[in-house]
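See below for target_4.cif, which holds mmCIF, N, CA and C atoms.
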```cif
data_my_file
loop_
_atom_site.label_atom_id
_atom_site.label_comp_id
_atom_site.auth_asym_id
_atom_site.auth_seq_id
_atom_site.Cartn_x
_atom_site.Cartn_y
_atom_site.Cartn_z
N GLN A 1 -34.89 24.55 5.28
CA GLN A 1 -34.47 25.76 5.99
C GLN A 1 -34.09 25.39 7.42
N VAL A 2 -32.90 25.79 7.81
CA VAL A 2 -32.41 25.49 9.16
C VAL A 2 -33.06 26.43 10.16
N GLN A 3 -33.57 25.86 11.23
CA GLN A 3 -34.16 26.65 12.30
C GLN A 3 -33.63 26.18 13.65
N LEU A 4 -33.34 27.13 14.52
CA LEU A 4 -32.98 26.85 15.90
C LEU A 4 -34.04 27.45 16.79
N VAL A 5 -34.57 26.66 17.70
CA VAL A 5 -35.65 27.12 18.57
C VAL A 5 -35.23 26.93 20.02
N GLU A 6 -35.21 28.04 20.75
CA GLU A 6 -34.86 27.99 22.17
C GLU A 6 -36.12 27.86 23.02
N SER A 7 -35.95 27.31 24.20
CA SER A 7 -37.04 27.23 25.17
C SER A 7 -36.44 27.18 26.57
N GLY A 8 -37.28 27.46 27.56
CA GLY A 8 -36.87 27.32 28.94
C GLY A 8 -36.60 28.61 29.68
N GLY A 9 -36.72 29.74 29.01
CA GLY A 9 -36.50 31.01 29.70
C GLY A 9 -37.65 31.34 30.63
N GLY A 10 -37.48 32.41 31.40
CA GLY A 10 -38.54 32.83 32.30
C GLY A 10 -38.02 33.73 33.40
N LEU A 11 -38.86 33.89 34.40
CA LEU A 11 -38.54 34.73 35.55
C LEU A 11 -38.14 33.83 36.72
N VAL A 12 -37.02 34.16 37.36
CA VAL A 12 -36.54 33.37 38.49
C VAL A 12 -35.93 34.30 39.51
N GLN A 13 -36.01 33.91 40.77
CA GLN A 13 -35.42 34.71 41.83
C GLN A 13 -33.90 34.51 41.89
N PRO A 14 -33.18 35.49 42.41
CA PRO A 14 -31.73 35.32 42.58
C PRO A 14 -31.42 34.05 43.37
N GLY A 15 -30.42 33.33 42.90
CA GLY A 15 -30.07 32.05 43.51
C GLY A 15 -30.78 30.87 42.90
N GLY A 16 -31.75 31.12 42.07
CA GLY A 16 -32.52 30.05 41.45
C GLY A 16 -31.84 29.46 40.23
N SER A 17 -32.55 28.54 39.59
CA SER A 17 -32.01 27.82 38.43
C SER A 17 -32.99 27.83 37.28
N LEU A 18 -32.44 27.75 36.09
CA LEU A 18 -33.21 27.57 34.86
C LEU A 18 -32.41 26.66 33.94
N ARG A 19 -33.14 25.99 33.09
CA ARG A 19 -32.50 25.14 32.09
C ARG A 19 -33.00 25.55 30.71
N LEU A 20 -32.10 26.01 29.86
CA LEU A 20 -32.44 26.39 28.50
C LEU A 20 -32.14 25.25 27.55
N SER A 21 -32.99 25.10 26.56
CA SER A 21 -32.79 24.08 25.54
C SER A 21 -32.86 24.71 24.16
N CYS A 22 -32.13 24.13 23.23
CA CYS A 22 -32.14 24.60 21.85
C CYS A 22 -32.18 23.38 20.94
N ALA A 23 -33.17 23.36 20.08
CA ALA A 23 -33.31 22.25 19.14
C ALA A 23 -33.25 22.78 17.72
N ALA A 24 -32.48 22.10 16.88
CA ALA A 24 -32.33 22.50 15.48
C ALA A 24 -33.13 21.57 14.59
N SER A 25 -33.66 22.13 13.52
CA SER A 25 -34.40 21.33 12.55
C SER A 25 -34.05 21.78 11.14
N GLY A 26 -34.43 20.97 10.17
CA GLY A 26 -34.19 21.32 8.78
C GLY A 26 -32.77 21.14 8.32
N MET A 27 -32.02 20.28 9.04
CA MET A 27 -30.61 20.11 8.71
C MET A 27 -30.33 18.69 8.27
N ARG A 28 -29.30 18.56 7.41
CA ARG A 28 -28.80 17.25 7.03
C ARG A 28 -27.34 17.10 7.44
N PHE A 29 -26.92 17.94 8.41
CA PHE A 29 -25.55 17.88 8.89
C PHE A 29 -25.57 18.17 10.39
N SER A 30 -24.46 17.91 11.03
CA SER A 30 -24.31 18.24 12.46
C SER A 30 -23.47 19.50 12.60
N PHE A 31 -23.91 20.39 13.45
CA PHE A 31 -23.13 21.59 13.69
C PHE A 31 -21.74 21.23 14.20
N VAL A 32 -20.75 22.04 13.79
CA VAL A 32 -19.41 21.85 14.33
C VAL A 32 -19.36 22.39 15.76
N THR A 33 -19.91 23.56 15.96
CA THR A 33 -20.00 24.12 17.31
C THR A 33 -21.44 24.55 17.58
N MET A 34 -21.81 24.50 18.84
CA MET A 34 -23.08 25.07 19.28
C MET A 34 -22.80 25.87 20.54
N GLY A 35 -23.56 26.92 20.71
CA GLY A 35 -23.28 27.76 21.86
C GLY A 35 -24.45 28.61 22.25
N TRP A 36 -24.30 29.26 23.40
CA TRP A 36 -25.29 30.19 23.92
C TRP A 36 -24.64 31.57 24.06
N TYR A 37 -25.38 32.56 23.61
CA TYR A 37 -25.00 33.96 23.73
C TYR A 37 -26.11 34.68 24.47
N ARG A 38 -25.80 35.85 24.98
CA ARG A 38 -26.84 36.65 25.62
C ARG A 38 -26.63 38.12 25.33
N GLN A 39 -27.73 38.85 25.39
CA GLN A 39 -27.69 40.29 25.16
C GLN A 39 -28.61 40.98 26.16
N ALA A 40 -28.01 41.79 27.00
CA ALA A 40 -28.76 42.58 27.96
C ALA A 40 -29.08 43.94 27.34
N PRO A 41 -30.11 44.61 27.82
CA PRO A 41 -30.47 45.92 27.27
C PRO A 41 -29.30 46.89 27.29
N GLY A 42 -29.04 47.51 26.14
CA GLY A 42 -27.98 48.49 26.04
C GLY A 42 -26.58 47.92 25.96
N LYS A 43 -26.48 46.60 25.86
CA LYS A 43 -25.16 45.96 25.81
C LYS A 43 -25.03 45.13 24.54
N GLN A 44 -23.78 44.81 24.21
CA GLN A 44 -23.53 43.97 23.05
C GLN A 44 -23.81 42.50 23.39
N ARG A 45 -24.10 41.74 22.35
CA ARG A 45 -24.28 40.31 22.53
C ARG A 45 -22.94 39.69 22.91
N GLU A 46 -22.96 38.77 23.87
CA GLU A 46 -21.72 38.17 24.36
C GLU A 46 -21.85 36.66 24.46
N LEU A 47 -20.71 36.00 24.33
CA LEU A 47 -20.68 34.55 24.47
C LEU A 47 -20.89 34.16 25.93
N VAL A 48 -21.75 33.18 26.15
CA VAL A 48 -21.93 32.62 27.48
C VAL A 48 -21.18 31.31 27.60
N ALA A 49 -21.44 30.41 26.65
CA ALA A 49 -20.77 29.11 26.66
C ALA A 49 -20.88 28.50 25.28
N SER A 50 -19.87 27.72 24.91
CA SER A 50 -19.90 27.05 23.62
C SER A 50 -19.27 25.67 23.77
N ILE A 51 -19.62 24.79 22.83
CA ILE A 51 -19.10 23.44 22.87
C ILE A 51 -18.83 22.98 21.44
N VAL A 52 -17.64 22.46 21.24
CA VAL A 52 -17.27 21.88 19.96
C VAL A 52 -17.58 20.39 20.04
N THR A 53 -18.01 19.84 18.93
CA THR A 53 -18.46 18.46 18.93
C THR A 53 -17.52 17.55 19.69
N GLY A 54 -18.03 17.00 20.80
CA GLY A 54 -17.31 16.01 21.58
C GLY A 54 -16.08 16.49 22.29
N ARG A 55 -15.79 17.76 22.23
CA ARG A 55 -14.51 18.18 22.81
C ARG A 55 -14.61 19.48 23.60
N THR A 56 -14.05 20.54 23.06
CA THR A 56 -13.78 21.75 23.83
C THR A 56 -15.03 22.47 24.28
N VAL A 57 -15.02 22.83 25.55
CA VAL A 57 -16.09 23.63 26.12
C VAL A 57 -15.48 24.94 26.62
N ASN A 58 -16.15 26.04 26.31
CA ASN A 58 -15.69 27.35 26.76
C ASN A 58 -16.81 28.05 27.51
N TYR A 59 -16.43 28.75 28.58
CA TYR A 59 -17.38 29.52 29.36
C TYR A 59 -16.87 30.94 29.55
N GLN A 60 -17.80 31.86 29.56
CA GLN A 60 -17.47 33.21 29.99
C GLN A 60 -17.08 33.14 31.46
N ASP A 61 -16.10 33.93 31.87
CA ASP A 61 -15.59 33.84 33.24
C ASP A 61 -16.70 34.04 34.28
N SER A 62 -17.64 34.91 34.00
CA SER A 62 -18.66 35.26 35.00
C SER A 62 -19.64 34.12 35.27
N VAL A 63 -19.67 33.10 34.40
CA VAL A 63 -20.63 32.00 34.60
C VAL A 63 -19.95 30.70 34.97
N LYS A 64 -18.63 30.67 34.98
CA LYS A 64 -17.91 29.45 35.34
C LYS A 64 -18.30 28.98 36.74
N GLY A 65 -18.56 27.69 36.85
CA GLY A 65 -18.97 27.11 38.12
C GLY A 65 -20.46 27.21 38.39
N ARG A 66 -21.17 28.00 37.60
CA ARG A 66 -22.61 28.15 37.78
C ARG A 66 -23.41 27.58 36.61
N PHE A 67 -22.89 27.72 35.40
CA PHE A 67 -23.58 27.27 34.20
C PHE A 67 -22.88 26.04 33.64
N THR A 68 -23.68 25.15 33.04
CA THR A 68 -23.13 23.96 32.39
C THR A 68 -23.78 23.79 31.02
N ILE A 69 -22.96 23.72 29.99
CA ILE A 69 -23.46 23.48 28.64
C ILE A 69 -23.27 22.01 28.31
N SER A 70 -24.26 21.46 27.63
CA SER A 70 -24.15 20.08 27.18
C SER A 70 -24.83 19.93 25.83
N ARG A 71 -24.42 18.91 25.12
CA ARG A 71 -24.93 18.74 23.76
C ARG A 71 -25.30 17.29 23.51
N GLN A 72 -26.43 17.12 22.82
CA GLN A 72 -26.87 15.80 22.39
C GLN A 72 -26.46 15.69 20.92
N LYS A 73 -25.37 14.99 20.67
CA LYS A 73 -24.72 15.02 19.37
C LYS A 73 -25.63 14.58 18.23
N THR A 74 -26.39 13.53 18.47
CA THR A 74 -27.14 12.94 17.37
C THR A 74 -28.34 13.77 16.96
N GLU A 75 -28.72 14.72 17.81
CA GLU A 75 -29.95 15.45 17.51
C GLU A 75 -29.74 16.94 17.34
N ASN A 76 -28.49 17.39 17.29
CA ASN A 76 -28.24 18.82 17.18
C ASN A 76 -29.02 19.61 18.22
N MET A 77 -28.95 19.17 19.45
CA MET A 77 -29.58 19.87 20.55
C MET A 77 -28.51 20.28 21.56
N VAL A 78 -28.73 21.42 22.16
CA VAL A 78 -27.80 21.88 23.18
C VAL A 78 -28.60 22.47 24.33
N THR A 79 -28.13 22.22 25.54
CA THR A 79 -28.80 22.75 26.72
C THR A 79 -27.82 23.58 27.55
N LEU A 80 -28.39 24.47 28.34
CA LEU A 80 -27.61 25.29 29.25
C LEU A 80 -28.28 25.24 30.61
N GLN A 81 -27.64 24.57 31.55
CA GLN A 81 -28.13 24.52 32.91
C GLN A 81 -27.55 25.70 33.67
N MET A 82 -28.42 26.54 34.18
CA MET A 82 -27.98 27.76 34.85
C MET A 82 -28.38 27.70 36.32
N ASN A 83 -27.40 27.69 37.19
CA ASN A 83 -27.63 27.64 38.63
C ASN A 83 -27.11 28.91 39.28
N SER A 84 -27.53 29.14 40.50
CA SER A 84 -27.07 30.31 41.27
C SER A 84 -27.21 31.59 40.45
N LEU A 85 -28.35 31.76 39.85
CA LEU A 85 -28.55 32.90 38.96
C LEU A 85 -28.49 34.22 39.71
N LYS A 86 -27.97 35.23 39.02
CA LYS A 86 -27.80 36.56 39.58
C LYS A 86 -28.58 37.56 38.73
N PRO A 87 -28.95 38.70 39.30
CA PRO A 87 -29.65 39.72 38.49
C PRO A 87 -28.88 40.11 37.24
N GLU A 88 -27.57 40.10 37.29
CA GLU A 88 -26.78 40.47 36.11
C GLU A 88 -26.80 39.41 35.01
N ASP A 89 -27.41 38.27 35.27
CA ASP A 89 -27.61 37.27 34.22
C ASP A 89 -28.84 37.57 33.38
N THR A 90 -29.60 38.56 33.77
CA THR A 90 -30.80 38.93 33.02
C THR A 90 -30.44 39.37 31.61
N ALA A 91 -31.05 38.74 30.62
CA ALA A 91 -30.76 39.03 29.22
C ALA A 91 -31.64 38.16 28.33
N VAL A 92 -31.60 38.44 27.05
CA VAL A 92 -32.15 37.52 26.06
C VAL A 92 -31.03 36.55 25.69
N TYR A 93 -31.33 35.27 25.78
CA TYR A 93 -30.34 34.23 25.50
C TYR A 93 -30.61 33.63 24.13
N TYR A 94 -29.55 33.56 23.33
CA TYR A 94 -29.65 33.06 21.96
C TYR A 94 -28.81 31.80 21.78
N CYS A 95 -29.34 30.90 21.00
CA CYS A 95 -28.62 29.71 20.61
C CYS A 95 -27.97 29.96 19.25
N ARG A 96 -26.77 29.44 19.09
CA ARG A 96 -26.04 29.61 17.83
C ARG A 96 -25.39 28.30 17.43
N GLY A 97 -25.46 28.00 16.14
CA GLY A 97 -24.77 26.84 15.61
C GLY A 97 -23.91 27.26 14.42
N THR A 98 -22.77 26.64 14.27
CA THR A 98 -21.89 26.96 13.15
C THR A 98 -21.52 25.70 12.39
N TYR A 99 -21.33 25.89 11.09
CA TYR A 99 -20.95 24.76 10.23
C TYR A 99 -20.06 25.30 9.13
N TYR A 100 -18.76 25.18 9.27
CA TYR A 100 -17.76 25.54 8.27
C TYR A 100 -18.05 26.88 7.60
N GLY A 101 -18.05 27.94 8.37
CA GLY A 101 -18.21 29.28 7.85
C GLY A 101 -19.63 29.81 7.85
N SER A 102 -20.59 28.94 8.06
CA SER A 102 -21.98 29.39 8.15
C SER A 102 -22.42 29.38 9.60
N GLU A 103 -23.28 30.32 9.95
CA GLU A 103 -23.80 30.37 11.31
C GLU A 103 -25.31 30.53 11.28
N TYR A 104 -25.92 30.01 12.31
CA TYR A 104 -27.37 30.03 12.43
C TYR A 104 -27.74 30.43 13.86
N TRP A 105 -28.78 31.25 13.95
CA TRP A 105 -29.19 31.77 15.26
C TRP A 105 -30.65 31.44 15.53
N GLY A 106 -30.95 31.26 16.80
CA GLY A 106 -32.33 31.15 17.21
C GLY A 106 -32.92 32.53 17.44
N GLN A 107 -34.18 32.56 17.82
CA GLN A 107 -34.88 33.83 17.97
C GLN A 107 -34.69 34.43 19.36
N GLY A 108 -34.17 33.64 20.28
CA GLY A 108 -33.89 34.14 21.62
C GLY A 108 -34.98 33.82 22.62
N THR A 109 -34.57 33.70 23.88
CA THR A 109 -35.51 33.47 24.97
C THR A 109 -35.11 34.37 26.14
N GLN A 110 -36.10 35.00 26.75
CA GLN A 110 -35.82 35.96 27.81
C GLN A 110 -35.58 35.25 29.14
N VAL A 111 -34.51 35.64 29.81
CA VAL A 111 -34.23 35.19 31.17
C VAL A 111 -34.18 36.43 32.06
N THR A 112 -35.02 36.45 33.08
CA THR A 112 -35.07 37.56 34.01
C THR A 112 -34.83 37.05 35.42
N VAL A 113 -33.83 37.60 36.07
CA VAL A 113 -33.50 37.21 37.44
C VAL A 113 -33.81 38.41 38.35
N SER A 114 -34.85 38.25 39.14
CA SER A 114 -35.31 39.37 39.95
C SER A 114 -36.12 38.85 41.12
N SER A 115 -36.03 39.59 42.22
CA SER A 115 -36.84 39.23 43.39
C SER A 115 -38.15 40.03 43.39
#
```
Hey, can you dump this file as structure tokens for me?
Amino acid sequence: QVQLVESGGGLVQPGGSLRLSCAASGMRFSFVTMGWYRQAPGKQRELVASIVTGRTVNYQDSVKGRFTISRQKTENMVTLQMNSLKPEDTAVYYCRGTYYGSEYWGQGTQVTVSS
């Protein structure tokens, strides 16, 4: 059974940093894409950043220059370095992996940016 487990969320003051990690287990293949999504209360889940194996990286416009996604190819792990955090970044952050039409989600980790 494929599982994705996120870690690294928490409470941080505006301007601070957090690093989220996502580790996958139970797989005999490498994800084609891995990414981070977030969902704030009362809002739809939205893409934050995604990375295709060894190539294309996409960011939501609001996080460009502040967030960096990276992937450890051999271990199906993906991280999200978040700097200069703003209160509007507050949300539950989810890790997602895709493999030729199949998708897998983590359980989410809460990120709260507040003074």
Contacts of Thr90 in chain A at 6 Å or less, counting only C-alpha atoms, minus same-chain residues fewer than 3 places along, as a PDB file with N, CA and C atoms, in the frame of the given file?
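out-v2.pdb written:
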```pdb
ATOM      1  N   PRO A  87     -28.950  38.700  39.300  1.00  0.00           N
ATOM      2  CA  PRO A  87     -29.650  39.720  38.490  1.00  0.00           C
ATOM      3  C   PRO A  87     -28.880  40.110  37.240  1.00  0.00           C
ATOM      4  N   VAL A 111     -34.510  35.640  29.810  1.00  0.00           N
ATOM      5  CA  VAL A 111     -34.230  35.190  31.170  1.00  0.00           C
ATOM      6  C   VAL A 111     -34.180  36.430  32.060  1.00  0.00           C
ATOM      7  N   THR A 112     -35.020  36.450  33.080  1.00  0.00           N
ATOM      8  CA  THR A 112     -35.070  37.560  34.010  1.00  0.00           C
ATOM      9  C   THR A 112     -34.830  37.050  35.420  1.00  0.00           C
ATOM     10  N   VAL A 113     -33.830  37.600  36.070  1.00  0.00           N
ATOM     11  CA  VAL A 113     -33.500  37.210  37.440  1.00  0.00           C
ATOM     12  C   VAL A 113     -33.810  38.410  38.350  1.00  0.00           C
TER      13      VAL A 113
END
```
So that all listed atoms of range 85-92 of chain A fit with 8 Å spare on each side, what axis-aligned box centre and edge lengths in Å, to one decimal, would you give as lines of an AutoDock Vina configuration file?
```
center_x = -29.5
center_y = 36.1
center_z = 32.8
size_x = 21.4
size_y = 24.7
size_z = 30.2
```
TODO: List every residue of chain A that DSSP, applied to the backbone of this structure, assigns to strand (DSSP E), and report them as number ranges by chain.
DONE: A: 3-7, 10-12, 18-25, 33-39, 46-52, 57-59, 67-72, 77-82, 91-99, 102-105, 109-113
Task: Separation of atom N of Cys22 in chain A from atom C of Asp89 in chain A, in Å and rounded to one decimal - done: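 Between atom N of Cys22 in chain A and atom C of Asp89 in chain A the gap works out to 17.2 Å.
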TODO: Would you kindly return, as a list in words, each protein, DNA or RNA residue with an atom no farther than 7 Å from any atom of range 32-46 of chain A, considering only C-alpha atoms and excluding same-chain residues fewer than 6 positions away?
DONE: Val52, Thr53, Val78, Thr90, Ala91, Val92, Tyr93, Tyr94, Cys95, Arg96, Gly97, Thr98 and Tyr99 of chain A
- [ ] Would you work out the distance separating CA of Leu85 in chain A from CA of Ser7 in chain A, expressed in Å to one decimal?
- [x] 17.2 Å
Open item on the list: My list of candidates is A:Arg66, A:Gln3, A:Asp61, A:Gln107. Which is closest to Gly26 in chain A when distances are computed with only N, CA and C atoms?
Closed with: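 When distances to Gly26 in chain A are compared using only N, CA and C atoms, the smallest one comes from A:Gln3.
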Task: Which of A:Ser114, A:Ser102, A:Thr109, A:Asn76 sits closest to Phe29 in chain A [using only C-alpha atoms] - done: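 Smallest distance to Phe29 in chain A is found for A:Asn76.
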- [ ] Using atom C of Leu20 in chain A and atom N of Glu88 in chain A as the two end points, give the distance in Å to one decimal.
- [x]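 Computed distance, atom C of Leu20 in chain A to atom N of Glu88 in chain A, equals 18.3 Å.
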TODO: Give the answer as one residue: which of A:Ala24, A:Leu47, A:Ser84, A:Thr79 has the shortest atom-to-atom distance to Gly9 in chain A, using only C-alpha atoms?
DONE: A:Thr79
TODO: Output the residue selection produced by the PyMOL selection byres (((chain A and resi 4 and name CA) around 7) and name CA) on the file above, formatted as a list in words.
DONE: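 So the PyMOL selection byres (((chain A and resi 4 and name CA) around 7) and name CA), applied here, picks out Val2, Gln3, Val5, Glu6, Cys22, Ala23, Ala24, Ser25, Trp105 and Gly106 of chain A.
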Task: Per-residue DSSP, chain A, filtered to helix (DSSP H, G or I), as a list in words - done: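 Put together, the selection reads Asp61, Ser62, Val63, Lys73, Thr74, Glu75, Pro87, Glu88 and Asp89 of chain A.
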- [ ] Could you tell me which of A:Ser30, A:Leu11, A:Tyr104, A:Ser21 comes closest to Thr68 in chain A if we count only C-alpha atoms?
- [x] A:Ser21
Task: Option closest in space to Gln81 in chain A, from A:Tyr100, A:Ser17, A:Phe31, A:Ser115 [counting all atoms listed in the file] - done: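 Of A:Tyr100, A:Ser17, A:Phe31, A:Ser115, the one nearest Gln81 in chain A is A:Ser17, counting all atoms listed in the file.
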How would range 81-95 of chain A read, as a compact mmCIF listing (two decimals), keeping the file's coordinate frame, once N, CA, C and O atoms are built in?
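Contents of part_18.txt, freshly written:
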```txt
# COMPACT_ATOMS: atom_id res chain seq x y z
N GLN A 81 -27.64 24.57 31.55
CA GLN A 81 -28.13 24.52 32.91
C GLN A 81 -27.55 25.70 33.67
O GLN A 81 -26.32 25.84 33.75
N MET A 82 -28.42 26.54 34.18
CA MET A 82 -27.98 27.76 34.85
C MET A 82 -28.38 27.70 36.32
O MET A 82 -29.57 27.65 36.64
N ASN A 83 -27.40 27.69 37.19
CA ASN A 83 -27.63 27.64 38.63
C ASN A 83 -27.11 28.91 39.28
O ASN A 83 -26.32 29.66 38.69
N SER A 84 -27.53 29.14 40.50
CA SER A 84 -27.07 30.31 41.27
C SER A 84 -27.21 31.59 40.45
O SER A 84 -26.27 32.40 40.36
N LEU A 85 -28.35 31.76 39.85
CA LEU A 85 -28.55 32.90 38.96
C LEU A 85 -28.49 34.22 39.71
O LEU A 85 -28.91 34.31 40.88
N LYS A 86 -27.97 35.23 39.02
CA LYS A 86 -27.80 36.56 39.58
C LYS A 86 -28.58 37.56 38.73
O LYS A 86 -28.83 37.32 37.54
N PRO A 87 -28.95 38.70 39.30
CA PRO A 87 -29.65 39.72 38.49
C PRO A 87 -28.88 40.11 37.24
O PRO A 87 -29.50 40.40 36.20
N GLU A 88 -27.57 40.10 37.29
CA GLU A 88 -26.78 40.47 36.11
C GLU A 88 -26.80 39.41 35.01
O GLU A 88 -26.27 39.64 33.93
N ASP A 89 -27.41 38.27 35.27
CA ASP A 89 -27.61 37.27 34.22
C ASP A 89 -28.84 37.57 33.38
O ASP A 89 -29.10 36.89 32.37
N THR A 90 -29.60 38.56 33.77
CA THR A 90 -30.80 38.93 33.02
C THR A 90 -30.44 39.37 31.61
O THR A 90 -29.60 40.25 31.42
N ALA A 91 -31.05 38.74 30.62
CA ALA A 91 -30.76 39.03 29.22
C ALA A 91 -31.64 38.16 28.33
O ALA A 91 -32.32 37.26 28.82
N VAL A 92 -31.60 38.44 27.05
CA VAL A 92 -32.15 37.52 26.06
C VAL A 92 -31.03 36.55 25.69
O VAL A 92 -29.93 36.98 25.33
N TYR A 93 -31.33 35.27 25.78
CA TYR A 93 -30.34 34.23 25.50
C TYR A 93 -30.61 33.63 24.13
O TYR A 93 -31.74 33.25 23.81
N TYR A 94 -29.55 33.56 23.33
CA TYR A 94 -29.65 33.06 21.96
C TYR A 94 -28.81 31.80 21.78
O TYR A 94 -27.69 31.71 22.28
N CYS A 95 -29.34 30.90 21.00
CA CYS A 95 -28.62 29.71 20.61
C CYS A 95 -27.97 29.96 19.25
O CYS A 95 -28.56 30.60 18.38
```
